[in-house]
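File shown here: entry-v5.txt, holding compact mmCIF, C-alpha atoms.
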# COMPACT_ATOMS: atom_id res chain seq x y z
CA MET E 1 0.00 0.00 0.00
CA ALA E 2 1.36 3.42 -0.89
CA GLY E 3 2.39 5.66 2.02
CA GLU E 4 1.03 9.12 2.60
CA VAL E 5 2.69 11.71 0.41
CA ARG E 6 3.97 14.73 2.30
CA SER E 7 5.67 17.93 1.38
CA ALA E 8 9.28 18.48 2.42
CA TRP E 9 12.25 20.56 1.35
CA LEU E 10 15.44 19.39 -0.28
CA PHE E 11 18.62 21.17 0.79
CA ASP E 12 21.78 21.16 -1.30
CA PHE E 13 24.73 22.05 0.92
CA GLY E 14 27.29 21.79 -1.85
CA ALA E 15 30.10 19.25 -2.16
CA GLY E 16 27.50 16.64 -3.10
CA LEU E 17 25.86 16.85 0.30
CA ARG E 18 22.06 16.91 0.36
CA ALA E 19 19.38 16.42 2.99
CA ILE E 20 15.66 16.81 3.47
CA VAL E 21 13.88 18.85 6.13
CA SER E 22 10.23 18.89 7.07
CA GLY E 23 8.49 22.11 6.09
CA ARG E 24 7.53 22.78 9.69
CA HIS E 25 11.13 23.70 10.49
CA LEU E 26 11.59 26.19 7.68
CA VAL E 27 11.30 29.88 8.36
CA GLU E 28 13.06 31.86 5.66
CA TYR E 29 15.64 31.54 2.92
CA LEU E 30 18.26 34.28 3.03
CA ARG E 31 20.21 35.03 -0.11
CA ALA E 32 23.80 36.08 0.69
CA PRO E 33 23.21 37.16 4.28
CA GLN E 34 25.89 39.06 6.16
CA VAL E 35 27.82 36.64 8.35
CA PHE E 36 29.40 37.94 11.53
CA GLU E 37 32.50 36.09 12.63
CA VAL E 38 32.88 34.77 16.13
CA PRO E 39 36.38 33.66 17.17
CA LEU E 40 37.28 30.15 18.27
CA LEU E 41 34.36 28.34 16.69
CA PRO E 42 33.97 24.59 16.19
CA THR E 43 34.63 23.20 12.74
CA ALA E 44 31.08 23.36 11.45
CA ALA E 45 30.16 26.78 12.77
CA ARG E 46 30.57 29.73 10.44
CA GLY E 47 29.50 32.56 12.73
CA VAL E 48 26.22 34.25 13.47
CA LEU E 49 23.54 36.08 11.53
CA ILE E 50 21.58 39.02 12.83
CA TRP E 51 18.03 38.12 11.98
CA ARG E 52 15.01 40.01 13.25
CA GLU E 53 17.13 41.49 16.03
CA GLN E 54 18.27 38.05 17.12
CA LEU E 55 21.66 36.40 16.92
CA VAL E 56 21.36 33.10 15.07
CA PRO E 57 24.15 30.52 14.70
CA LEU E 58 25.16 29.60 11.16
CA VAL E 59 26.34 26.04 10.51
CA ASP E 60 28.01 24.69 7.39
CA LEU E 61 27.67 20.91 7.15
CA THR E 62 30.13 20.62 4.27
CA SER E 63 32.93 21.59 6.64
CA LEU E 64 32.35 18.29 8.43
CA THR E 65 33.15 16.23 5.38
CA SER E 66 36.63 14.87 4.95
CA ASP E 67 37.42 17.46 2.28
CA GLY E 68 35.72 20.32 4.12
CA HIS E 69 37.77 23.45 4.56
CA CYS E 70 37.35 25.82 7.43
CA GLY E 71 37.00 29.49 6.74
CA GLU E 72 36.36 29.35 3.03
CA VAL E 73 32.62 29.13 2.95
CA THR E 74 31.93 32.58 4.31
CA ASN E 75 33.32 34.08 1.14
CA LYS E 76 31.53 31.59 -1.07
CA LEU E 77 28.25 31.82 0.79
CA ILE E 78 25.32 31.70 -1.56
CA GLY E 79 22.47 31.42 0.85
CA ALA E 80 21.31 30.32 4.24
CA ILE E 81 18.13 28.71 5.40
CA MET E 82 16.66 29.84 8.70
CA LEU E 83 15.26 26.93 10.70
CA VAL E 84 13.22 26.74 13.88
CA TYR E 85 13.16 24.02 16.53
CA ARG E 86 12.59 23.35 20.20
CA GLU E 87 15.14 21.64 22.43
CA ARG E 88 12.37 20.15 24.58
CA PRO E 89 8.59 20.16 24.33
CA ALA E 90 8.18 23.08 26.73
CA SER E 91 11.25 24.97 25.56
CA PRO E 92 10.93 28.24 23.69
CA LEU E 93 11.46 28.32 19.95
CA GLN E 94 15.08 28.36 18.91
CA TYR E 95 16.53 29.44 15.59
CA GLY E 96 19.52 28.24 13.64
CA ALA E 97 20.70 28.65 10.07
CA LEU E 98 22.41 26.34 7.60
CA VAL E 99 24.63 27.32 4.70
CA LEU E 100 23.09 26.23 1.39
CA ALA E 101 24.63 26.11 -2.06
CA THR E 102 21.31 26.55 -3.84
CA VAL E 103 17.78 27.65 -3.10
CA PRO E 104 15.85 24.89 -1.29
CA ARG E 105 13.47 22.89 -3.44
CA GLU E 106 10.04 21.65 -2.37
CA ILE E 107 9.55 17.94 -2.96
CA ASN E 108 7.07 15.21 -2.14
CA VAL E 109 8.16 12.33 0.06
CA SER E 110 6.52 9.23 1.47
CA ASP E 111 7.43 6.38 3.80
CA ASP E 112 7.65 4.08 0.78
CA LEU E 113 10.95 5.71 -0.04
CA ALA E 114 12.57 4.83 3.32
CA CYS E 115 16.07 3.39 3.12
CA ASP E 116 19.21 3.04 5.24
CA LEU E 117 21.39 6.02 5.98
CA PRO E 118 24.50 6.21 3.85
CA ALA E 119 27.61 5.06 5.70
CA GLU E 120 29.45 8.20 4.70
CA PRO E 121 29.69 10.82 5.89
CA ALA E 122 29.40 9.38 9.37
CA PHE E 123 27.80 12.47 10.87
CA TRP E 124 24.44 11.61 9.31
CA GLU E 125 24.05 9.09 12.09
CA THR E 126 24.10 11.99 14.53
CA LEU E 127 22.08 14.48 12.56
CA ALA E 128 19.52 12.46 10.63
CA ALA E 129 16.22 11.12 11.93
CA SER E 130 15.77 8.78 8.96
CA CYS E 131 16.54 8.49 5.28
CA ILE E 132 14.69 8.10 2.01
CA HIS E 133 15.76 7.15 -1.45
CA TYR E 134 15.31 10.26 -3.57
CA GLU E 135 16.55 10.96 -7.08
CA HIS E 136 18.52 7.72 -7.16
CA ARG E 137 20.41 8.24 -3.93
CA PRO E 138 19.86 7.91 -0.19
CA THR E 139 18.97 11.33 1.19
CA PRO E 140 18.92 11.84 4.96
CA ILE E 141 16.04 13.60 6.70
CA LEU E 142 17.53 16.04 9.17
CA ARG E 143 16.80 16.10 12.87
CA VAL E 144 17.03 19.89 13.06
CA GLY E 145 17.53 20.26 16.81
CA SER E 146 20.56 17.97 16.70
CA ILE E 147 22.41 20.37 14.46
CA PHE E 148 22.36 23.32 16.82
CA THR E 149 22.36 21.68 20.23
CA GLN E 150 25.74 20.04 20.11
CA VAL E 151 29.29 20.79 19.12
CA LEU E 152 29.95 19.58 15.60
CA GLU E 153 33.60 18.88 15.03
CA GLN E 154 35.04 17.01 12.08
CA ALA E 155 36.74 14.46 14.32
CA SER E 156 34.11 14.11 17.02
CA VAL E 157 30.83 14.37 15.17
CA SER E 158 30.14 10.68 15.41
CA SER E 159 30.18 10.90 19.21
CA VAL E 160 26.53 11.53 19.83
CA HIS E 161 24.62 12.69 22.80
CA THR E 162 20.93 11.98 22.74
CA ILE E 163 18.72 14.75 21.49
CA PRO E 164 14.94 14.58 21.74
CA PRO E 165 13.18 14.29 18.40
CA PRO E 166 11.99 17.51 16.78
CA LEU E 167 8.49 18.64 17.41
CA GLY E 168 5.85 19.71 14.96
CA LEU E 169 6.08 23.45 14.67
CA PRO E 170 3.44 25.17 12.58
CA VAL E 171 5.68 27.95 11.38
CA PRO E 172 4.89 29.61 8.08
CA PHE E 173 7.58 29.27 5.45
CA ALA E 174 8.59 32.35 3.55
CA LEU E 175 10.98 32.16 0.64
CA THR E 176 12.78 35.47 0.37
CA ARG E 177 14.34 36.03 -2.98
CA MET T 1 61.47 44.51 39.05
CA ASN T 2 63.72 46.71 36.97
CA THR T 3 64.72 50.29 37.64
CA HIS T 4 62.30 51.74 35.10
CA ALA T 5 59.42 50.27 37.04
CA GLN T 6 60.66 51.78 40.27
CA GLN T 7 60.92 55.22 38.73
CA ARG T 8 57.44 55.37 37.30
CA VAL T 9 54.42 53.90 39.02
CA PRO T 10 51.20 54.30 37.03
CA ARG T 11 47.99 55.08 38.81
CA PRO T 12 45.31 52.82 37.31
CA VAL T 13 41.77 54.05 37.13
CA PRO T 14 39.90 52.57 40.09
CA VAL T 15 37.07 50.22 39.31
CA PRO T 16 33.79 51.00 41.05
CA ALA T 17 33.16 48.77 44.04
CA ILE T 18 29.80 47.60 42.72
CA LEU T 19 29.62 43.96 41.76
CA THR T 20 27.10 44.29 38.97
CA GLY T 21 27.25 45.50 35.43
CA TRP T 22 29.45 44.84 32.46
CA ALA T 23 32.67 46.19 31.09
CA LEU T 24 32.85 46.30 27.29
CA LEU T 25 36.40 46.05 25.99
CA THR T 26 36.86 46.86 22.31
CA MET T 27 39.90 45.27 20.68
CA ASP T 28 40.65 44.87 16.98
CA GLY T 29 37.01 45.53 16.17
CA VAL T 30 35.72 42.90 18.58
CA GLN T 31 33.61 43.85 21.59
CA LEU T 32 34.16 41.70 24.65
CA ALA T 33 31.79 41.93 27.61
CA VAL T 34 33.16 40.95 31.00
CA PRO T 35 31.34 41.18 34.33
CA GLN T 36 32.69 44.17 36.20
CA LYS T 37 33.15 42.03 39.28
CA ASP T 38 35.78 40.02 37.38
CA ILE T 39 37.95 43.08 36.84
CA VAL T 40 40.91 43.63 39.11
CA ASN T 41 41.97 46.94 37.66
CA ILE T 42 41.77 49.20 34.63
CA GLY T 43 44.83 51.06 33.42
CA LEU T 44 46.08 53.19 30.58
CA VAL T 45 48.29 51.70 27.90
CA ALA T 46 50.34 54.88 28.00
CA ASP T 47 51.33 53.97 31.55
CA LEU T 48 52.55 50.48 30.71
CA GLN T 49 56.14 49.65 31.38
CA HIS T 50 57.73 48.37 28.19
CA ALA T 51 58.21 44.62 27.87
CA GLN T 52 61.88 43.87 28.25
CA ASP T 53 62.02 40.10 28.18
CA SER T 54 61.22 37.51 25.55
CA GLY T 55 57.58 37.07 26.50
CA ASN T 56 54.56 37.80 24.37
CA GLU T 57 53.21 40.55 26.57
CA ILE T 58 53.10 44.03 25.13
CA GLY T 59 53.93 45.66 28.43
CA TRP T 60 53.56 45.56 32.18
CA LEU T 61 51.13 47.36 34.41
CA VAL T 62 52.95 48.33 37.56
CA GLN T 63 51.43 49.28 40.87
CA ASN T 64 53.22 49.56 44.18
CA ALA T 65 55.49 46.53 44.43
CA GLU T 66 53.62 44.45 41.87
CA ARG T 67 53.52 44.30 38.12
CA TRP T 68 51.30 42.35 35.76
CA PRO T 69 51.81 41.44 32.11
CA VAL T 70 49.41 42.90 29.60
CA TYR T 71 48.65 41.19 26.30
CA CYS T 72 47.05 42.20 23.06
CA LEU T 73 44.64 39.88 21.23
CA ASP T 74 43.42 40.23 17.69
CA ARG T 75 39.85 39.64 16.46
CA HIS T 76 40.50 35.90 16.32
CA LEU T 77 41.52 35.90 19.99
CA VAL T 78 45.07 35.09 19.02
CA LEU T 79 48.03 36.88 20.60
CA ALA T 80 49.02 39.96 18.67
CA PRO T 81 52.80 40.39 18.72
CA THR T 82 52.65 44.15 18.95
CA LEU T 83 50.38 46.67 20.52
CA ALA T 84 47.66 47.85 18.17
CA GLU T 85 48.09 51.53 17.46
CA ALA T 86 44.59 52.33 18.63
CA SER T 87 45.01 50.60 22.00
CA ARG T 88 44.48 53.04 24.84
CA VAL T 89 43.37 51.03 27.86
CA CYS T 90 43.93 47.69 29.51
CA ILE T 91 41.93 45.58 31.91
CA LEU T 92 43.39 43.25 34.50
CA PHE T 93 41.68 39.95 35.28
CA ARG T 94 42.47 37.33 37.87
CA SER T 95 42.28 33.53 37.84
CA ASP T 96 43.46 31.69 40.94
CA ASN T 97 46.75 33.38 41.69
CA ARG T 98 47.51 34.79 38.24
CA THR T 99 46.60 38.31 37.25
CA LEU T 100 46.95 39.24 33.59
CA GLY T 101 45.90 42.19 31.47
CA LEU T 102 44.29 42.66 28.12
CA ALA T 103 44.72 45.81 26.05
CA GLY T 104 42.03 47.38 23.91
CA THR T 105 40.87 50.49 22.17
CA GLN T 106 38.34 51.49 24.77
CA VAL T 107 36.40 50.30 27.79
CA SER T 108 32.76 51.16 28.36
CA LEU T 109 31.10 50.42 31.66
CA LEU T 110 27.46 49.36 31.73
CA ALA T 111 26.20 49.91 35.23
CA ALA T 112 23.36 47.40 35.23
CA ASP T 113 23.40 43.77 34.20
CA ASP T 114 20.26 44.19 32.13
CA GLU T 115 21.88 46.81 29.92
CA LEU T 116 23.25 43.87 27.99
CA ALA T 117 20.87 41.02 27.10
CA VAL T 118 23.40 38.21 26.88
CA GLN T 119 22.15 34.96 25.41
CA ARG T 120 24.01 31.78 26.21
CA LEU T 121 26.33 30.69 23.42
CA PRO T 122 24.47 28.01 21.41
CA ALA T 123 26.07 24.59 21.77
CA CYS T 124 26.94 24.51 18.08
CA LEU T 125 29.12 27.63 18.57
CA ALA T 126 30.76 26.51 21.82
CA ARG T 127 34.24 25.09 22.08
CA SER T 128 35.81 23.84 25.26
CA ASP T 129 38.97 25.89 24.72
CA SER T 130 37.11 29.12 24.05
CA PRO T 131 36.54 31.64 26.84
CA LEU T 132 33.35 32.88 25.19
CA ASN T 133 30.12 31.98 26.94
CA GLY T 134 27.51 34.27 25.43
CA LEU T 135 26.49 36.71 22.73
CA ALA T 136 24.54 39.91 22.78
CA LEU T 137 23.49 42.75 20.54
CA HIS T 138 24.50 46.16 21.82
CA ARG T 139 23.70 49.21 19.71
CA ASN T 140 23.34 46.96 16.66
CA GLU T 141 26.77 45.43 17.17
CA ILE T 142 27.67 41.95 18.30
CA VAL T 143 29.18 41.62 21.75
CA MET T 144 30.80 38.43 23.01
CA SER T 145 30.81 37.73 26.72
CA ALA T 146 33.43 35.92 28.79
CA ARG T 147 34.37 35.56 32.43
CA GLY T 148 37.62 37.14 33.56
CA ASN T 149 39.14 33.87 34.75
CA ALA T 150 38.42 32.27 31.36
CA LEU T 151 40.28 35.10 29.64
CA VAL T 152 43.23 34.64 31.98
CA ASP T 153 43.22 30.91 31.24
CA LEU T 154 43.23 31.67 27.51
CA LEU T 155 46.14 34.09 27.88
CA ILE T 156 48.09 31.55 29.95
CA TYR T 157 47.44 28.93 27.28
CA LEU T 158 48.48 31.26 24.47
CA GLU T 159 51.54 32.33 26.42
CA GLY T 160 52.57 28.67 26.74
CA ALA T 161 51.70 27.85 23.15
CA HIS T 162 54.02 30.59 21.97
CA GLY T 163 56.92 28.93 23.71
CA ARG T 164 57.40 31.30 26.56
Take the structure from the file and write it as structure tokens.
Amino acid sequence: MAGEVRSAWLFDFGAGLRAIVSGRHLVEYLRAPQVFEVPLLPTAARGVLIWREQLVPLVDLTSLTSDGHCGEVTNKLIGAIMLVYRERPASPLQYGALVLATVPREINVSDDLACDLPAEPAFWETLAASCIHYEHRPTPILRVGSIFTQVLEQASVSSVHTIPPPLGLPVPFALTR
Amino acid sequence: MNTHAQQRVPRPVPVPAILTGWALLTMDGVQLAVPQKDIVNIGLVADLQHAQDSGNEIGWLVQNAERWPVYCLDRHLVLAPTLAEASRVCILFRSDNRTLGLAGTQVSLLAADDELAVQRLPACLARSDSPLNGLALHRNEIVMSARGNALVDLLIYLEGAHGR
């Protein structure tokens, strides 16, 4: 029997890295936002964005890959996606942003497409809730809270601490062009 | 202590006795917020005794029979080998029994804690070897907060890493 078809968003991080995020986590796509550097950051962190008078961390997942290079992405930044999540059910909304290589694309997904996570890169095990086969390749579905609630280092990203699953957040999605 | 230090004893600006509020130190374009209660002393760079040994300090703040090394950090929180031209002031911090100074362009004192809405540094931005523990927006600029003892620990680490 065919599974329920749902809407989701496909992120292309560059360097061949893609993932899917539920629409309930998406807030806004920012084209070439100004990134403010913060010294002594972990590998995956690129700095912070000032967004609606808030300071929001910016994470670049490609820097966690074996050929990721620290410090280069800020100059190459094409866009960032603003995401929302809660650390715990009663926690306030939190915001975080991911570096994207292209504008996110809306897609349809269903449970029929479920598959195993790819073995590489290993950090998907930490950051993905599940995985589906999409466009001829396994594509992880991100657990958004996991990205911003732990230190993501190239060497230590596979050491996981348990993060509660993301909650349904009825946040409107606005695509700013 | 050398003879130069004995001849000229600077008189650092006294820090108010209150234990609340923030001190904003600007250095190399970065604004660092430190609780005022963590500050041992504030001095003028012009009053520093010149560094005369092979250390990485840019000078020494001297008071009575004591003197403390003062360092300069750049925007990456890495030791700057020379004093930035714009540096005018320095703040002394203490950790255990070490007291070290940090030079900057200016120091602003915020009398009340709530003048700076510091948010805890998100986990994804935190690193165990970083002294930073929070971020804030102040007059549309980003401010990074740190405790004084964490800054001293960083300076001690950097001092050692540079082969002192």
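Of the listed residues (T:Met144, T:Leu79, T:Leu102, T:Leu132), T:Leu79 comes nearest to Leu158 (chain T); the distances count all atoms listed in the file.
Here CA of Asp153 (chain T) and CA of Ala80 (chain T) stand 16.5 Å from one another.
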Practice task
Could you tell me how far CA of Cys124 (chain T) lies from CA of Phe148 (chain E), in Å and to one decimal?
Solution key: 4.9 Å
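Here the question is which of T:Ala112, T:Val30, T:Val62, T:Leu155 gets nearest to chain E using only C-alpha atoms, and that residue is T:Val30.
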Per residue of chain E within 10 Å of chain T, what are the shortest atom pair and its distance in Å to one decimal, counting only C-alpha atoms, with rows by chain and residue number, as a tab-separated table?
residue	atom	partner	partner_atom	distance
E:Phe36	CA	T:Ile142	CA	8.1
E:Glu37	CA	T:His76	CA	8.8
E:Val38	CA	T:His76	CA	7.7
E:Pro39	CA	T:His76	CA	4.8
E:Leu40	CA	T:Ser130	CA	5.9
E:Leu41	CA	T:Leu125	CA	5.6
E:Pro42	CA	T:Arg127	CA	5.9
E:Thr43	CA	T:Leu125	CA	9.2
E:Ala44	CA	T:Cys124	CA	7.9
E:Ala45	CA	T:Leu125	CA	6.0
E:Arg46	CA	T:Leu125	CA	8.5
E:Gly47	CA	T:Leu125	CA	7.7
E:Val48	CA	T:Leu125	CA	8.8
E:Leu49	CA	T:Ile142	CA	9.9
E:Ile50	CA	T:Ile142	CA	8.7
E:Glu53	CA	T:Leu137	CA	7.9
E:Gln54	CA	T:Leu137	CA	7.8
E:Leu55	CA	T:Ala136	CA	7.4
E:Val56	CA	T:Pro122	CA	8.7
E:Pro57	CA	T:Leu125	CA	6.9
E:Leu58	CA	T:Leu125	CA	8.6
E:Val59	CA	T:Cys124	CA	7.7
E:Gln94	CA	T:Pro122	CA	9.7
E:Tyr95	CA	T:Pro122	CA	9.9
E:Gly96	CA	T:Pro122	CA	9.2
E:Ser146	CA	T:Cys124	CA	9.2
E:Ile147	CA	T:Cys124	CA	7.1
E:Phe148	CA	T:Cys124	CA	4.9
E:Thr149	CA	T:Ala123	CA	5.0
E:Gln150	CA	T:Ala123	CA	4.9
E:Val151	CA	T:Cys124	CA	4.5
E:Leu152	CA	T:Cys124	CA	6.3
E:Glu153	CA	T:Cys124	CA	9.2
Handout entry: Test item: residues at most 12 Å from Pro138 (chain E), all atoms listed in the file, excluding those fewer than 5 positions along its chain, as a PyMOL selection string
Key = chain E and resi 16-20+113-121+124+128+130-133
Practice task
Find the spatial neighbours of Ala101 (chain E), counting all atoms listed in the file, within a cut-off of 12 Å - ignore same-chain residues fewer than 6 positions away - and output them as a ChimeraX atom specification.
Solution key: /E:10-18,29-32,60-62,73-74,76-81
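Across the structure, CA of Ile58 (chain T) and CA of Trp22 (chain T) are spaced 24.8 Å apart.
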Because some atoms of region 55-68 of chain T are absent here, can you restore N, CA, C and O atoms and send them as a PDB file, in the coordinates of the input?
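Everything below was put into selection.pdb:
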ATOM      1  N   GLY T  55      58.968  37.504  26.449  1.00  0.00           N
ATOM      2  CA  GLY T  55      57.580  37.070  26.500  1.00  0.00           C
ATOM      3  C   GLY T  55      56.738  37.671  25.392  1.00  0.00           C
ATOM      4  O   GLY T  55      57.208  38.458  24.580  1.00  0.00           O
ATOM      5  N   ASN T  56      55.475  37.311  25.400  1.00  0.00           N
ATOM      6  CA  ASN T  56      54.560  37.800  24.370  1.00  0.00           C
ATOM      7  C   ASN T  56      53.717  38.970  24.853  1.00  0.00           C
ATOM      8  O   ASN T  56      52.847  39.434  24.135  1.00  0.00           O
ATOM      9  N   GLU T  57      53.973  39.409  26.076  1.00  0.00           N
ATOM     10  CA  GLU T  57      53.210  40.550  26.570  1.00  0.00           C
ATOM     11  C   GLU T  57      53.650  41.822  25.844  1.00  0.00           C
ATOM     12  O   GLU T  57      54.768  41.910  25.364  1.00  0.00           O
ATOM     13  N   ILE T  58      52.733  42.786  25.796  1.00  0.00           N
ATOM     14  CA  ILE T  58      53.100  44.030  25.130  1.00  0.00           C
ATOM     15  C   ILE T  58      53.556  45.078  26.146  1.00  0.00           C
ATOM     16  O   ILE T  58      53.993  46.164  25.767  1.00  0.00           O
ATOM     17  N   GLY T  59      53.458  44.751  27.411  1.00  0.00           N
ATOM     18  CA  GLY T  59      53.930  45.660  28.430  1.00  0.00           C
ATOM     19  C   GLY T  59      53.523  45.161  29.804  1.00  0.00           C
ATOM     20  O   GLY T  59      52.904  44.103  29.930  1.00  0.00           O
ATOM     21  N   TRP T  60      53.863  45.940  30.810  1.00  0.00           N
ATOM     22  CA  TRP T  60      53.560  45.560  32.180  1.00  0.00           C
ATOM     23  C   TRP T  60      52.849  46.705  32.874  1.00  0.00           C
ATOM     24  O   TRP T  60      53.260  47.858  32.764  1.00  0.00           O
ATOM     25  N   LEU T  61      51.805  46.361  33.585  1.00  0.00           N
ATOM     26  CA  LEU T  61      51.130  47.360  34.410  1.00  0.00           C
ATOM     27  C   LEU T  61      51.725  47.240  35.806  1.00  0.00           C
ATOM     28  O   LEU T  61      51.734  46.155  36.394  1.00  0.00           O
ATOM     29  N   VAL T  62      52.219  48.347  36.296  1.00  0.00           N
ATOM     30  CA  VAL T  62      52.950  48.330  37.560  1.00  0.00           C
ATOM     31  C   VAL T  62      52.186  49.142  38.609  1.00  0.00           C
ATOM     32  O   VAL T  62      51.678  50.224  38.330  1.00  0.00           O
ATOM     33  N   GLN T  63      52.068  48.563  39.772  1.00  0.00           N
ATOM     34  CA  GLN T  63      51.430  49.280  40.870  1.00  0.00           C
ATOM     35  C   GLN T  63      52.068  48.856  42.172  1.00  0.00           C
ATOM     36  O   GLN T  63      52.131  47.653  42.463  1.00  0.00           O
ATOM     37  N   ASN T  64      52.509  49.830  42.927  1.00  0.00           N
ATOM     38  CA  ASN T  64      53.220  49.560  44.180  1.00  0.00           C
ATOM     39  C   ASN T  64      54.344  48.569  43.916  1.00  0.00           C
ATOM     40  O   ASN T  64      55.162  48.785  43.046  1.00  0.00           O
ATOM     41  N   ALA T  65      54.366  47.455  44.612  1.00  0.00           N
ATOM     42  CA  ALA T  65      55.490  46.530  44.430  1.00  0.00           C
ATOM     43  C   ALA T  65      55.152  45.407  43.460  1.00  0.00           C
ATOM     44  O   ALA T  65      55.896  44.446  43.333  1.00  0.00           O
ATOM     45  N   GLU T  66      54.019  45.541  42.773  1.00  0.00           N
ATOM     46  CA  GLU T  66      53.620  44.450  41.870  1.00  0.00           C
ATOM     47  C   GLU T  66      53.563  44.929  40.436  1.00  0.00           C
ATOM     48  O   GLU T  66      53.368  46.117  40.161  1.00  0.00           O
ATOM     49  N   ARG T  67      53.692  43.982  39.533  1.00  0.00           N
ATOM     50  CA  ARG T  67      53.520  44.300  38.120  1.00  0.00           C
ATOM     51  C   ARG T  67      52.870  43.110  37.433  1.00  0.00           C
ATOM     52  O   ARG T  67      53.086  41.955  37.810  1.00  0.00           O
ATOM     53  N   TRP T  68      52.060  43.395  36.443  1.00  0.00           N
ATOM     54  CA  TRP T  68      51.300  42.350  35.760  1.00  0.00           C
ATOM     55  C   TRP T  68      51.476  42.477  34.256  1.00  0.00           C
ATOM     56  O   TRP T  68      51.411  43.607  33.711  1.00  0.00           O
TER      57      TRP T  68
END
